[in-house]
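Trainee: What follows is target.cif; its format and atoms are mmCIF, N, CA and C atoms.
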```cif
data_data
#
loop_
_atom_site.label_atom_id
_atom_site.label_comp_id
_atom_site.auth_asym_id
_atom_site.auth_seq_id
_atom_site.Cartn_x
_atom_site.Cartn_y
_atom_site.Cartn_z
N MET A 1208 115.07 84.23 63.01
CA MET A 1208 116.03 85.20 62.54
C MET A 1208 115.56 86.60 62.95
N SER A 1209 116.46 87.40 63.43
CA SER A 1209 116.08 88.75 63.83
C SER A 1209 116.99 89.77 63.14
N LEU A 1210 116.44 90.98 63.00
CA LEU A 1210 117.23 92.07 62.45
C LEU A 1210 118.21 92.60 63.49
N THR A 1211 117.71 92.75 64.73
CA THR A 1211 118.58 93.24 65.79
C THR A 1211 118.01 92.91 67.16
N LYS A 1212 118.91 92.72 68.09
CA LYS A 1212 118.56 92.58 69.51
C LYS A 1212 119.12 93.77 70.29
N ASP A 1213 119.76 94.70 69.60
CA ASP A 1213 120.36 95.87 70.24
C ASP A 1213 119.31 96.97 70.36
N ILE A 1214 118.31 96.73 71.18
CA ILE A 1214 117.18 97.64 71.32
C ILE A 1214 117.59 98.91 72.06
N GLU A 1215 118.54 98.82 72.96
CA GLU A 1215 118.96 100.02 73.71
C GLU A 1215 119.57 101.09 72.80
N SER A 1216 120.03 100.71 71.62
CA SER A 1216 120.54 101.71 70.68
C SER A 1216 119.39 102.39 69.93
N LEU A 1217 118.18 101.84 70.04
CA LEU A 1217 117.03 102.35 69.29
C LEU A 1217 116.03 103.11 70.15
N LEU A 1218 115.98 102.80 71.43
CA LEU A 1218 115.01 103.41 72.35
C LEU A 1218 115.73 103.99 73.56
N PRO A 1219 115.17 105.05 74.15
CA PRO A 1219 115.76 105.60 75.37
C PRO A 1219 115.37 104.80 76.62
N HIS A 1220 114.40 103.92 76.51
CA HIS A 1220 113.92 103.14 77.65
C HIS A 1220 115.00 102.19 78.15
N ARG A 1221 114.99 101.94 79.45
CA ARG A 1221 115.92 101.00 80.05
C ARG A 1221 115.15 100.13 81.05
N LYS A 1222 115.75 99.01 81.40
CA LYS A 1222 115.13 98.13 82.40
C LYS A 1222 114.93 98.92 83.68
N PRO A 1223 113.85 98.77 84.36
CA PRO A 1223 112.82 97.75 84.18
C PRO A 1223 111.67 98.18 83.26
N PHE A 1224 111.86 99.22 82.43
CA PHE A 1224 110.77 99.70 81.60
C PHE A 1224 111.09 99.60 80.11
N LEU A 1225 111.86 98.59 79.72
CA LEU A 1225 112.14 98.30 78.32
C LEU A 1225 111.46 96.97 77.99
N PHE A 1226 110.53 96.99 77.05
CA PHE A 1226 109.69 95.82 76.77
C PHE A 1226 109.82 95.31 75.34
N VAL A 1227 110.98 95.48 74.74
CA VAL A 1227 111.26 94.92 73.42
C VAL A 1227 112.59 94.19 73.51
N ASP A 1228 112.61 92.93 73.09
CA ASP A 1228 113.84 92.14 73.11
C ASP A 1228 114.53 92.11 71.75
N GLU A 1229 113.72 92.03 70.68
CA GLU A 1229 114.31 91.96 69.35
C GLU A 1229 113.33 92.46 68.30
N ILE A 1230 113.91 92.96 67.22
CA ILE A 1230 113.12 93.31 66.04
C ILE A 1230 113.32 92.19 65.04
N VAL A 1231 112.22 91.59 64.64
CA VAL A 1231 112.25 90.49 63.68
C VAL A 1231 112.25 91.01 62.26
N SER A 1232 111.42 92.02 61.99
CA SER A 1232 111.37 92.64 60.66
C SER A 1232 110.92 94.08 60.81
N ALA A 1233 111.33 94.91 59.85
CA ALA A 1233 110.93 96.31 59.86
C ALA A 1233 111.03 96.86 58.44
N ASP A 1234 109.97 97.56 58.03
CA ASP A 1234 109.98 98.28 56.76
C ASP A 1234 109.02 99.45 56.88
N SER A 1235 108.79 100.15 55.79
CA SER A 1235 107.96 101.35 55.85
C SER A 1235 106.51 101.04 56.23
N GLU A 1236 106.09 99.81 56.07
CA GLU A 1236 104.73 99.40 56.42
C GLU A 1236 104.56 99.15 57.92
N GLY A 1237 105.61 98.63 58.56
CA GLY A 1237 105.50 98.32 59.98
C GLY A 1237 106.66 97.51 60.50
N VAL A 1238 106.44 96.91 61.67
CA VAL A 1238 107.51 96.19 62.36
C VAL A 1238 106.92 94.97 63.05
N VAL A 1239 107.73 93.94 63.16
CA VAL A 1239 107.41 92.78 63.99
C VAL A 1239 108.52 92.68 65.02
N ALA A 1240 108.14 92.59 66.28
CA ALA A 1240 109.12 92.54 67.37
C ALA A 1240 108.61 91.56 68.44
N THR A 1241 109.51 91.16 69.33
CA THR A 1241 109.13 90.24 70.40
C THR A 1241 109.65 90.71 71.75
N HIS A 1242 109.00 90.20 72.78
CA HIS A 1242 109.46 90.40 74.15
C HIS A 1242 108.97 89.23 75.00
N THR A 1243 109.85 88.71 75.84
CA THR A 1243 109.47 87.67 76.79
C THR A 1243 109.34 88.30 78.17
N PHE A 1244 108.17 88.14 78.77
CA PHE A 1244 107.94 88.64 80.13
C PHE A 1244 108.40 87.57 81.11
N THR A 1245 109.44 87.89 81.88
CA THR A 1245 109.96 86.93 82.86
C THR A 1245 109.23 87.11 84.19
N ASP A 1246 109.40 86.16 85.06
CA ASP A 1246 108.76 86.26 86.38
C ASP A 1246 109.44 87.32 87.26
N GLU A 1247 110.50 87.93 86.75
CA GLU A 1247 111.20 88.99 87.49
C GLU A 1247 110.65 90.39 87.22
N GLU A 1248 109.66 90.53 86.32
CA GLU A 1248 109.12 91.86 86.01
C GLU A 1248 108.62 92.52 87.29
N PHE A 1249 108.90 93.81 87.43
CA PHE A 1249 108.58 94.54 88.66
C PHE A 1249 107.10 94.53 89.00
N PHE A 1250 106.23 94.52 88.03
CA PHE A 1250 104.78 94.66 88.29
C PHE A 1250 104.13 93.37 88.75
N PHE A 1251 104.78 92.21 88.55
CA PHE A 1251 104.16 90.96 88.97
C PHE A 1251 104.04 90.86 90.49
N LYS A 1252 104.88 91.58 91.23
CA LYS A 1252 104.82 91.53 92.70
C LYS A 1252 103.49 92.08 93.22
N GLY A 1253 102.84 92.95 92.42
CA GLY A 1253 101.59 93.54 92.89
C GLY A 1253 100.42 93.32 91.97
N HIS A 1254 100.63 92.67 90.81
CA HIS A 1254 99.55 92.52 89.80
C HIS A 1254 99.52 91.11 89.25
N PHE A 1255 99.07 90.20 89.81
CA PHE A 1255 98.57 89.97 91.17
C PHE A 1255 99.48 88.91 91.76
N PRO A 1256 99.92 89.05 93.02
CA PRO A 1256 100.94 88.15 93.56
C PRO A 1256 100.59 86.65 93.47
N GLU A 1257 99.33 86.33 93.65
CA GLU A 1257 98.93 84.91 93.61
C GLU A 1257 98.66 84.41 92.20
N TYR A 1258 98.45 85.32 91.26
CA TYR A 1258 98.15 84.95 89.88
C TYR A 1258 98.66 86.09 88.98
N PRO A 1259 99.99 86.16 88.78
CA PRO A 1259 100.57 87.29 88.07
C PRO A 1259 100.11 87.38 86.61
N VAL A 1260 99.73 88.58 86.20
CA VAL A 1260 99.26 88.88 84.85
C VAL A 1260 99.91 90.20 84.42
N VAL A 1261 100.34 90.28 83.17
CA VAL A 1261 100.88 91.54 82.65
C VAL A 1261 99.74 92.55 82.57
N PRO A 1262 99.89 93.73 83.18
CA PRO A 1262 98.84 94.74 83.10
C PRO A 1262 98.60 95.17 81.65
N GLY A 1263 97.36 95.45 81.33
CA GLY A 1263 97.00 95.86 79.98
C GLY A 1263 97.77 97.08 79.50
N VAL A 1264 97.96 98.05 80.39
CA VAL A 1264 98.68 99.27 79.99
C VAL A 1264 100.13 98.95 79.60
N ILE A 1265 100.71 97.91 80.20
CA ILE A 1265 102.06 97.50 79.84
C ILE A 1265 102.06 96.87 78.45
N LEU A 1266 101.01 96.14 78.10
CA LEU A 1266 100.92 95.58 76.75
C LEU A 1266 100.82 96.69 75.70
N VAL A 1267 100.06 97.74 76.00
CA VAL A 1267 99.98 98.88 75.09
C VAL A 1267 101.36 99.54 74.97
N GLU A 1268 102.03 99.76 76.08
CA GLU A 1268 103.38 100.34 76.08
C GLU A 1268 104.33 99.46 75.28
N THR A 1269 104.22 98.15 75.42
CA THR A 1269 105.09 97.22 74.71
C THR A 1269 104.92 97.37 73.20
N MET A 1270 103.67 97.48 72.74
CA MET A 1270 103.42 97.67 71.31
C MET A 1270 103.96 99.02 70.84
N ALA A 1271 103.74 100.08 71.63
CA ALA A 1271 104.23 101.40 71.24
C ALA A 1271 105.76 101.42 71.18
N GLN A 1272 106.42 100.77 72.13
CA GLN A 1272 107.87 100.69 72.09
C GLN A 1272 108.34 99.94 70.85
N ALA A 1273 107.66 98.85 70.51
CA ALA A 1273 108.03 98.09 69.32
C ALA A 1273 107.91 98.95 68.06
N GLY A 1274 106.83 99.72 67.98
CA GLY A 1274 106.64 100.61 66.84
C GLY A 1274 107.73 101.66 66.74
N GLY A 1275 108.06 102.26 67.88
CA GLY A 1275 109.13 103.26 67.90
C GLY A 1275 110.49 102.68 67.58
N ALA A 1276 110.76 101.48 68.09
CA ALA A 1276 112.03 100.83 67.83
C ALA A 1276 112.19 100.52 66.34
N GLY A 1277 111.10 100.10 65.72
CA GLY A 1277 111.14 99.82 64.28
C GLY A 1277 111.45 101.05 63.46
N LEU A 1278 110.81 102.17 63.80
CA LEU A 1278 111.08 103.42 63.08
C LEU A 1278 112.50 103.90 63.33
N SER A 1279 113.00 103.73 64.56
CA SER A 1279 114.38 104.10 64.85
C SER A 1279 115.36 103.22 64.07
N TYR A 1280 115.06 101.93 63.98
CA TYR A 1280 115.91 101.01 63.23
C TYR A 1280 116.02 101.46 61.77
N LEU A 1281 114.91 101.95 61.22
CA LEU A 1281 114.89 102.40 59.83
C LEU A 1281 115.45 103.81 59.65
N LYS A 1282 115.85 104.44 60.78
CA LYS A 1282 116.39 105.80 60.77
C LYS A 1282 115.41 106.79 60.15
N THR A 1283 114.14 106.64 60.53
CA THR A 1283 113.07 107.50 60.03
C THR A 1283 113.18 108.91 60.58
N PHE A 1284 113.73 109.05 61.80
CA PHE A 1284 113.80 110.35 62.47
C PHE A 1284 115.25 110.69 62.79
N ASP A 1285 115.48 111.95 63.11
CA ASP A 1285 116.81 112.38 63.52
C ASP A 1285 117.23 111.62 64.77
N GLU A 1286 118.52 111.35 64.88
CA GLU A 1286 119.05 110.68 66.06
C GLU A 1286 118.72 111.51 67.30
N GLY A 1287 118.31 110.85 68.36
CA GLY A 1287 117.96 111.53 69.60
C GLY A 1287 116.49 111.92 69.69
N SER A 1288 115.71 111.61 68.66
CA SER A 1288 114.27 111.91 68.71
C SER A 1288 113.60 111.03 69.76
N LEU A 1289 112.63 111.60 70.43
CA LEU A 1289 111.83 110.87 71.41
C LEU A 1289 110.39 110.82 70.93
N PHE A 1290 109.70 109.75 71.30
CA PHE A 1290 108.30 109.57 70.94
C PHE A 1290 107.47 109.62 72.21
N PHE A 1291 106.56 110.57 72.28
CA PHE A 1291 105.73 110.74 73.47
C PHE A 1291 104.31 110.28 73.15
N LEU A 1292 103.84 109.28 73.87
CA LEU A 1292 102.49 108.76 73.66
C LEU A 1292 101.48 109.87 73.89
N ALA A 1293 100.62 110.11 72.89
CA ALA A 1293 99.65 111.21 72.97
C ALA A 1293 98.21 110.70 73.05
N THR A 1294 97.87 109.68 72.29
CA THR A 1294 96.52 109.11 72.34
C THR A 1294 96.61 107.60 72.24
N VAL A 1295 95.63 106.94 72.81
CA VAL A 1295 95.47 105.50 72.68
C VAL A 1295 93.99 105.25 72.40
N ASP A 1296 93.71 104.51 71.33
CA ASP A 1296 92.33 104.25 70.91
C ASP A 1296 92.14 102.78 70.57
N LYS A 1297 90.88 102.40 70.52
CA LYS A 1297 90.48 101.07 70.04
C LYS A 1297 91.22 99.94 70.75
N VAL A 1298 91.40 100.08 72.06
CA VAL A 1298 92.14 99.09 72.83
C VAL A 1298 91.22 97.92 73.19
N LYS A 1299 91.72 96.73 72.98
CA LYS A 1299 90.98 95.52 73.36
C LYS A 1299 91.98 94.54 73.96
N PHE A 1300 91.61 94.00 75.11
CA PHE A 1300 92.41 92.96 75.75
C PHE A 1300 91.66 91.65 75.60
N ARG A 1301 92.28 90.68 74.96
CA ARG A 1301 91.58 89.45 74.59
C ARG A 1301 92.04 88.22 75.37
N ASN A 1302 93.30 88.17 75.73
CA ASN A 1302 93.84 87.05 76.49
C ASN A 1302 94.91 87.55 77.45
N GLN A 1303 95.08 86.83 78.54
CA GLN A 1303 96.08 87.20 79.54
C GLN A 1303 97.49 86.88 79.05
N VAL A 1304 98.43 87.67 79.53
CA VAL A 1304 99.85 87.40 79.31
C VAL A 1304 100.44 87.15 80.69
N ARG A 1305 101.11 86.00 80.82
CA ARG A 1305 101.61 85.57 82.12
C ARG A 1305 103.13 85.48 82.11
N PRO A 1306 103.74 85.32 83.29
CA PRO A 1306 105.20 85.16 83.35
C PRO A 1306 105.66 84.01 82.45
N GLY A 1307 106.72 84.26 81.68
CA GLY A 1307 107.25 83.25 80.77
C GLY A 1307 106.70 83.35 79.36
N ASP A 1308 105.63 84.11 79.17
CA ASP A 1308 105.05 84.24 77.83
C ASP A 1308 105.91 85.16 76.96
N THR A 1309 106.08 84.76 75.72
CA THR A 1309 106.70 85.61 74.71
C THR A 1309 105.61 86.22 73.87
N VAL A 1310 105.61 87.54 73.78
CA VAL A 1310 104.64 88.23 72.94
C VAL A 1310 105.31 88.63 71.63
N ARG A 1311 104.55 88.52 70.56
CA ARG A 1311 104.97 88.96 69.24
C ARG A 1311 104.08 90.14 68.87
N MET A 1312 104.68 91.28 68.62
CA MET A 1312 103.93 92.47 68.26
C MET A 1312 104.02 92.69 66.76
N GLU A 1313 102.87 92.81 66.13
CA GLU A 1313 102.80 93.15 64.71
C GLU A 1313 102.24 94.56 64.62
N ILE A 1314 103.09 95.50 64.25
CA ILE A 1314 102.76 96.92 64.26
C ILE A 1314 102.65 97.42 62.82
N LYS A 1315 101.59 98.21 62.57
CA LYS A 1315 101.41 98.83 61.25
C LYS A 1315 101.57 100.34 61.40
N ASN A 1316 102.31 100.92 60.47
CA ASN A 1316 102.42 102.37 60.41
C ASN A 1316 101.22 102.91 59.64
N LEU A 1317 100.36 103.64 60.33
CA LEU A 1317 99.18 104.22 59.69
C LEU A 1317 99.51 105.59 59.10
N ARG A 1318 100.33 106.35 59.80
CA ARG A 1318 100.76 107.67 59.32
C ARG A 1318 102.05 108.04 60.05
N VAL A 1319 103.04 108.45 59.30
CA VAL A 1319 104.32 108.84 59.89
C VAL A 1319 104.73 110.17 59.26
N SER A 1320 104.93 111.17 60.11
CA SER A 1320 105.44 112.47 59.65
C SER A 1320 106.56 112.88 60.59
N LYS A 1321 107.20 113.98 60.32
CA LYS A 1321 108.33 114.42 61.16
C LYS A 1321 107.90 114.77 62.58
N LYS A 1322 106.62 115.06 62.81
CA LYS A 1322 106.15 115.48 64.13
C LYS A 1322 105.20 114.50 64.80
N MET A 1323 104.74 113.48 64.05
CA MET A 1323 103.70 112.61 64.60
C MET A 1323 103.79 111.21 63.98
N ILE A 1324 103.44 110.22 64.82
CA ILE A 1324 103.38 108.82 64.38
C ILE A 1324 102.02 108.28 64.77
N LYS A 1325 101.32 107.66 63.84
CA LYS A 1325 100.08 106.95 64.18
C LYS A 1325 100.29 105.51 63.75
N GLN A 1326 100.10 104.60 64.72
CA GLN A 1326 100.33 103.18 64.48
C GLN A 1326 99.19 102.36 65.06
N SER A 1327 99.09 101.12 64.60
CA SER A 1327 98.19 100.15 65.21
C SER A 1327 98.99 98.89 65.45
N GLY A 1328 98.54 98.10 66.41
CA GLY A 1328 99.28 96.89 66.70
C GLY A 1328 98.42 95.79 67.26
N ILE A 1329 98.90 94.58 67.05
CA ILE A 1329 98.31 93.39 67.64
C ILE A 1329 99.42 92.66 68.37
N CYS A 1330 99.11 92.26 69.58
CA CYS A 1330 100.06 91.57 70.44
C CYS A 1330 99.59 90.11 70.55
N TYR A 1331 100.43 89.17 70.15
CA TYR A 1331 100.10 87.75 70.15
C TYR A 1331 100.92 87.00 71.18
N VAL A 1332 100.32 85.97 71.77
CA VAL A 1332 101.05 84.93 72.50
C VAL A 1332 100.74 83.66 71.73
N GLY A 1333 101.75 83.12 71.07
CA GLY A 1333 101.50 82.02 70.14
C GLY A 1333 100.63 82.56 69.01
N GLU A 1334 99.54 81.88 68.73
CA GLU A 1334 98.61 82.33 67.69
C GLU A 1334 97.43 83.10 68.28
N ASN A 1335 97.39 83.23 69.60
CA ASN A 1335 96.27 83.91 70.26
C ASN A 1335 96.53 85.40 70.41
N ILE A 1336 95.53 86.20 70.06
CA ILE A 1336 95.64 87.65 70.25
C ILE A 1336 95.48 87.95 71.74
N ALA A 1337 96.45 88.68 72.28
CA ALA A 1337 96.39 89.10 73.69
C ALA A 1337 95.83 90.51 73.80
N ALA A 1338 96.24 91.39 72.88
CA ALA A 1338 95.79 92.79 72.94
C ALA A 1338 95.91 93.41 71.56
N GLU A 1339 95.14 94.47 71.36
CA GLU A 1339 95.25 95.26 70.14
C GLU A 1339 94.92 96.70 70.46
N ALA A 1340 95.48 97.61 69.68
CA ALA A 1340 95.26 99.04 69.95
C ALA A 1340 95.74 99.87 68.77
N GLU A 1341 95.31 101.14 68.79
CA GLU A 1341 95.88 102.18 67.93
C GLU A 1341 96.40 103.26 68.86
N TRP A 1342 97.46 103.96 68.45
CA TRP A 1342 98.00 105.02 69.28
C TRP A 1342 98.65 106.07 68.38
N MET A 1343 98.85 107.23 68.97
CA MET A 1343 99.57 108.30 68.30
C MET A 1343 100.66 108.78 69.24
N CYS A 1344 101.84 109.02 68.67
CA CYS A 1344 102.94 109.59 69.42
C CYS A 1344 103.36 110.89 68.77
N LEU A 1345 103.71 111.85 69.62
CA LEU A 1345 104.30 113.09 69.14
C LEU A 1345 105.81 112.91 69.14
N VAL A 1346 106.47 113.45 68.15
CA VAL A 1346 107.91 113.30 68.01
C VAL A 1346 108.56 114.57 68.54
N GLY A 1347 109.51 114.41 69.45
CA GLY A 1347 110.25 115.53 70.01
C GLY A 1347 111.72 115.22 70.05
N ALA A 1348 112.50 116.18 70.45
CA ALA A 1348 113.94 115.99 70.55
C ALA A 1348 114.36 116.17 72.01
N VAL A 1349 115.53 115.66 72.30
CA VAL A 1349 116.08 115.75 73.65
C VAL A 1349 116.44 117.20 73.96
#
```
Kindly return the structure encoded in the file as structure tokens.

Mentor:
Amino acid sequence: MSLTKDIESLLPHRKPFLFVDEIVSADSEGVVATHTFTDEEFFFKGHFPEYPVVPGVILVETMAQAGGAGLSYLKTFDEGSLFFLATVDKVKFRNQVRPGDTVRMEIKNLRVSKKMIKQSGICYVGENIAAEAEWMCLVGAV
């Protein structure tokens, strides 16, 4: 069961740089969202052609997008607000994510104000942790 699959109404990102398919749950504590990486992703052609793997920076971006989408779903910020990644900390890559894998992002809101968001996230494939990180985004308007 999902809350929404209409992610384009929540984020300014578009394909090929939209990495959230659905929001499963969202509340003031955090968000759970998913994304399936297909073999059509633009980065697989070069990372690595013989053994395609989702780049770690894309996994961090995927978690940050999930966190932003959850806050947008909850209407935490004014419509048209943008979230600009400012810091990334405590990043760990634990398992590879390959074409066809569905990742589940569990995002926690550590601090949310009108000008800044601090979140942490864990990215799972099945029950295995693929990546984890903390990040901060600055909130701006169009």

Trainee: Would you mind telling me which residue in A:Thr1241, A:His1220, A:Ile1214, A:Glu1341 lies nearest to A:Lys1297 when using all atoms listed in the file?

Mentor: A:Glu1341

Trainee: Name the residues, using the chain letters and numbers of the file, that sit within 8 Å of (115.1, 101.6, 68.3) when counting all atoms listed in the file, and give them as a PyMOL selection string.

Mentor: chain A and resi 1213-1219+1272-1281

Trainee: With N, CA and C atoms kept, could you save the residues just selected as a short mmCIF file (atom, residue, chain, number, x, y, z; two decimals), keeping the file's coordinate frame?

Mentor:
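As written to disk, selection-v2.cif reads:
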```
data_model
loop_
_atom_site.label_atom_id
_atom_site.label_comp_id
_atom_site.auth_asym_id
_atom_site.auth_seq_id
_atom_site.Cartn_x
_atom_site.Cartn_y
_atom_site.Cartn_z
N ASP A 1213 119.76 94.70 69.60
CA ASP A 1213 120.36 95.87 70.24
C ASP A 1213 119.31 96.97 70.36
N ILE A 1214 118.31 96.73 71.18
CA ILE A 1214 117.18 97.64 71.32
C ILE A 1214 117.59 98.91 72.06
N GLU A 1215 118.54 98.82 72.96
CA GLU A 1215 118.96 100.02 73.71
C GLU A 1215 119.57 101.09 72.80
N SER A 1216 120.03 100.71 71.62
CA SER A 1216 120.54 101.71 70.68
C SER A 1216 119.39 102.39 69.93
N LEU A 1217 118.18 101.84 70.04
CA LEU A 1217 117.03 102.35 69.29
C LEU A 1217 116.03 103.11 70.15
N LEU A 1218 115.98 102.80 71.43
CA LEU A 1218 115.01 103.41 72.35
C LEU A 1218 115.73 103.99 73.56
N PRO A 1219 115.17 105.05 74.15
CA PRO A 1219 115.76 105.60 75.37
C PRO A 1219 115.37 104.80 76.62
N GLN A 1272 106.42 100.77 72.13
CA GLN A 1272 107.87 100.69 72.09
C GLN A 1272 108.34 99.94 70.85
N ALA A 1273 107.66 98.85 70.51
CA ALA A 1273 108.03 98.09 69.32
C ALA A 1273 107.91 98.95 68.06
N GLY A 1274 106.83 99.72 67.98
CA GLY A 1274 106.64 100.61 66.84
C GLY A 1274 107.73 101.66 66.74
N GLY A 1275 108.06 102.26 67.88
CA GLY A 1275 109.13 103.26 67.90
C GLY A 1275 110.49 102.68 67.58
N ALA A 1276 110.76 101.48 68.09
CA ALA A 1276 112.03 100.83 67.83
C ALA A 1276 112.19 100.52 66.34
N GLY A 1277 111.10 100.10 65.72
CA GLY A 1277 111.14 99.82 64.28
C GLY A 1277 111.45 101.05 63.46
N LEU A 1278 110.81 102.17 63.80
CA LEU A 1278 111.08 103.42 63.08
C LEU A 1278 112.50 103.90 63.33
N SER A 1279 113.00 103.73 64.56
CA SER A 1279 114.38 104.10 64.85
C SER A 1279 115.36 103.22 64.07
N TYR A 1280 115.06 101.93 63.98
CA TYR A 1280 115.91 101.01 63.23
C TYR A 1280 116.02 101.46 61.77
N LEU A 1281 114.91 101.95 61.22
CA LEU A 1281 114.89 102.40 59.83
C LEU A 1281 115.45 103.81 59.65
#
```

Trainee: Return the single residue from A:Pro1262, A:Phe1290, A:Lys1299, A:Thr1243 that is closest to A:Arg1311, with distances computed using all atoms listed in the file.

Mentor: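 The shortest atom-to-atom distance to A:Arg1311 comes from A:Thr1243.
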
Trainee: As an MDAnalysis selection string, please: the residues near stretch 1301-1306 of chain A (cut-off 7 Å, only N, CA and C atoms, same-chain neighbours under 3 positions excluded).

Mentor: chainID A and resid 1244:1247 1259:1261 1309 1335:1339

Trainee: Find the spatial neighbours of A:Leu1210, counting only N, CA and C atoms, within a cut-off of 5 Å - ignore same-chain residues fewer than 2 positions away - and output them as a PDB file with N, CA and C atoms, in the frame of the given file.

Mentor:
```
ATOM      1  N   MET A1208     115.070  84.230  63.010  1.00  0.00           N
ATOM      2  CA  MET A1208     116.030  85.200  62.540  1.00  0.00           C
ATOM      3  C   MET A1208     115.560  86.600  62.950  1.00  0.00           C
ATOM      4  N   LYS A1212     118.910  92.720  68.090  1.00  0.00           N
ATOM      5  CA  LYS A1212     118.560  92.580  69.510  1.00  0.00           C
ATOM      6  C   LYS A1212     119.120  93.770  70.290  1.00  0.00           C
ATOM      7  N   ILE A1230     113.910  92.960  67.220  1.00  0.00           N
ATOM      8  CA  ILE A1230     113.120  93.310  66.040  1.00  0.00           C
ATOM      9  C   ILE A1230     113.320  92.190  65.040  1.00  0.00           C
ATOM     10  N   VAL A1231     112.220  91.590  64.640  1.00  0.00           N
ATOM     11  CA  VAL A1231     112.250  90.490  63.680  1.00  0.00           C
ATOM     12  C   VAL A1231     112.250  91.010  62.260  1.00  0.00           C
TER      13      VAL A1231
END
```

Trainee: Can you list every residue in stretch 1274-1310 of chain A that DSSP puts in strand (DSSP E), as a PDB file with N, CA and C atoms, keeping the file's coordinate frame?

Mentor:
```
ATOM      1  N   SER A1288     115.710 111.610  68.660  1.00  0.00           N
ATOM      2  CA  SER A1288     114.270 111.910  68.710  1.00  0.00           C
ATOM      3  C   SER A1288     113.600 111.030  69.760  1.00  0.00           C
ATOM      4  N   LEU A1289     112.630 111.600  70.430  1.00  0.00           N
ATOM      5  CA  LEU A1289     111.830 110.870  71.410  1.00  0.00           C
ATOM      6  C   LEU A1289     110.390 110.820  70.930  1.00  0.00           C
ATOM      7  N   PHE A1290     109.700 109.750  71.300  1.00  0.00           N
ATOM      8  CA  PHE A1290     108.300 109.570  70.940  1.00  0.00           C
ATOM      9  C   PHE A1290     107.470 109.620  72.210  1.00  0.00           C
ATOM     10  N   PHE A1291     106.560 110.570  72.280  1.00  0.00           N
ATOM     11  CA  PHE A1291     105.730 110.740  73.470  1.00  0.00           C
ATOM     12  C   PHE A1291     104.310 110.280  73.150  1.00  0.00           C
ATOM     13  N   LEU A1292     103.840 109.280  73.870  1.00  0.00           N
ATOM     14  CA  LEU A1292     102.490 108.760  73.660  1.00  0.00           C
ATOM     15  C   LEU A1292     101.480 109.870  73.890  1.00  0.00           C
ATOM     16  N   ALA A1293     100.620 110.110  72.890  1.00  0.00           N
ATOM     17  CA  ALA A1293      99.650 111.210  72.970  1.00  0.00           C
ATOM     18  C   ALA A1293      98.210 110.700  73.050  1.00  0.00           C
ATOM     19  N   THR A1294      97.870 109.680  72.290  1.00  0.00           N
ATOM     20  CA  THR A1294      96.520 109.110  72.340  1.00  0.00           C
ATOM     21  C   THR A1294      96.610 107.600  72.240  1.00  0.00           C
ATOM     22  N   VAL A1295      95.630 106.940  72.810  1.00  0.00           N
ATOM     23  CA  VAL A1295      95.470 105.500  72.680  1.00  0.00           C
ATOM     24  C   VAL A1295      93.990 105.250  72.400  1.00  0.00           C
ATOM     25  N   ASP A1296      93.710 104.510  71.330  1.00  0.00           N
ATOM     26  CA  ASP A1296      92.330 104.250  70.910  1.00  0.00           C
ATOM     27  C   ASP A1296      92.140 102.780  70.570  1.00  0.00           C
ATOM     28  N   LYS A1297      90.880 102.400  70.520  1.00  0.00           N
ATOM     29  CA  LYS A1297      90.480 101.070  70.040  1.00  0.00           C
ATOM     30  C   LYS A1297      91.220  99.940  70.750  1.00  0.00           C
ATOM     31  N   VAL A1298      91.400 100.080  72.060  1.00  0.00           N
ATOM     32  CA  VAL A1298      92.140  99.090  72.830  1.00  0.00           C
ATOM     33  C   VAL A1298      91.220  97.920  73.190  1.00  0.00           C
ATOM     34  N   LYS A1299      91.720  96.730  72.980  1.00  0.00           N
ATOM     35  CA  LYS A1299      90.980  95.520  73.360  1.00  0.00           C
ATOM     36  C   LYS A1299      91.980  94.540  73.960  1.00  0.00           C
ATOM     37  N   PHE A1300      91.610  94.000  75.110  1.00  0.00           N
ATOM     38  CA  PHE A1300      92.410  92.960  75.750  1.00  0.00           C
ATOM     39  C   PHE A1300      91.660  91.650  75.600  1.00  0.00           C
ATOM     40  N   THR A1309     106.080  84.760  75.720  1.00  0.00           N
ATOM     41  CA  THR A1309     106.700  85.610  74.710  1.00  0.00           C
ATOM     42  C   THR A1309     105.610  86.220  73.870  1.00  0.00           C
ATOM     43  N   VAL A1310     105.610  87.540  73.780  1.00  0.00           N
ATOM     44  CA  VAL A1310     104.640  88.230  72.940  1.00  0.00           C
ATOM     45  C   VAL A1310     105.310  88.630  71.630  1.00  0.00           C
TER      46      VAL A1310
END
```

Trainee: Take atom CA of A:Ser1288 and atom CA of A:Gly1347 and report the distance between them in Å, one decimal.

Mentor: 5.6 Å

Trainee: One decimal, in Å: what's the spacing between atom C of A:Val1319 and atom N of A:Phe1300?

Mentor: 26.2 Å

Trainee: The residues within 8 Å of (110.4, 98.0, 83.8), using only N, CA and C atoms and the coordinates of the file, should be reported as a list in words; which are they?

Mentor: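 Here the neighbourhood of the point contains Arg1221, Lys1222, Pro1223, Phe1224, Leu1225, Phe1226, Glu1248, Phe1249 and Phe1250 of chain A.
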
Trainee: Could you work out how far atom CA of A:Ile1314 lies from atom CA of A:Gly1237, giving the answer in Å with one decimal?

Mentor: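 Result for atom CA of A:Gly1237 versus atom CA of A:Ile1314: 5.3 Å, one decimal.
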
Trainee: Tell me, as a list in words, which residues lie within 6.5 Å of A:Leu1345, counting only N, CA and C atoms; anything in the same chain fewer than 6 positions away does not count.

Mentor: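 Non-adjacent residues within range: Leu1289, Phe1290, Phe1291, Leu1292, Ala1293, Lys1322, Met1323 and Ile1324 of chain A.
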
Trainee: Go through the shown structure with the PyMOL selection byres (((chain A and resi 1326 and name CA) around 7) and name CA) and write out the matching residues as a list of chain:residue names.

Mentor: A:Ile1314, A:Lys1315, A:Asn1316, A:Leu1317, A:Arg1318, A:Ile1324, A:Lys1325, A:Ser1327, A:Gly1328, A:Glu1341, A:Trp1342, A:Met1343

Trainee: Where in chain A does DSSP assign helix (DSSP H, G or I), given as a list in words?

Mentor: Ile1214, Glu1215, Ser1216, Phe1249, Phe1250, Phe1251, Lys1252, Gly1263, Val1264, Ile1265, Leu1266, Val1267, Glu1268, Thr1269, Met1270, Ala1271, Gln1272, Ala1273, Gly1274, Gly1275, Ala1276, Gly1277, Leu1278, Ser1279 and Tyr1280 of chain A
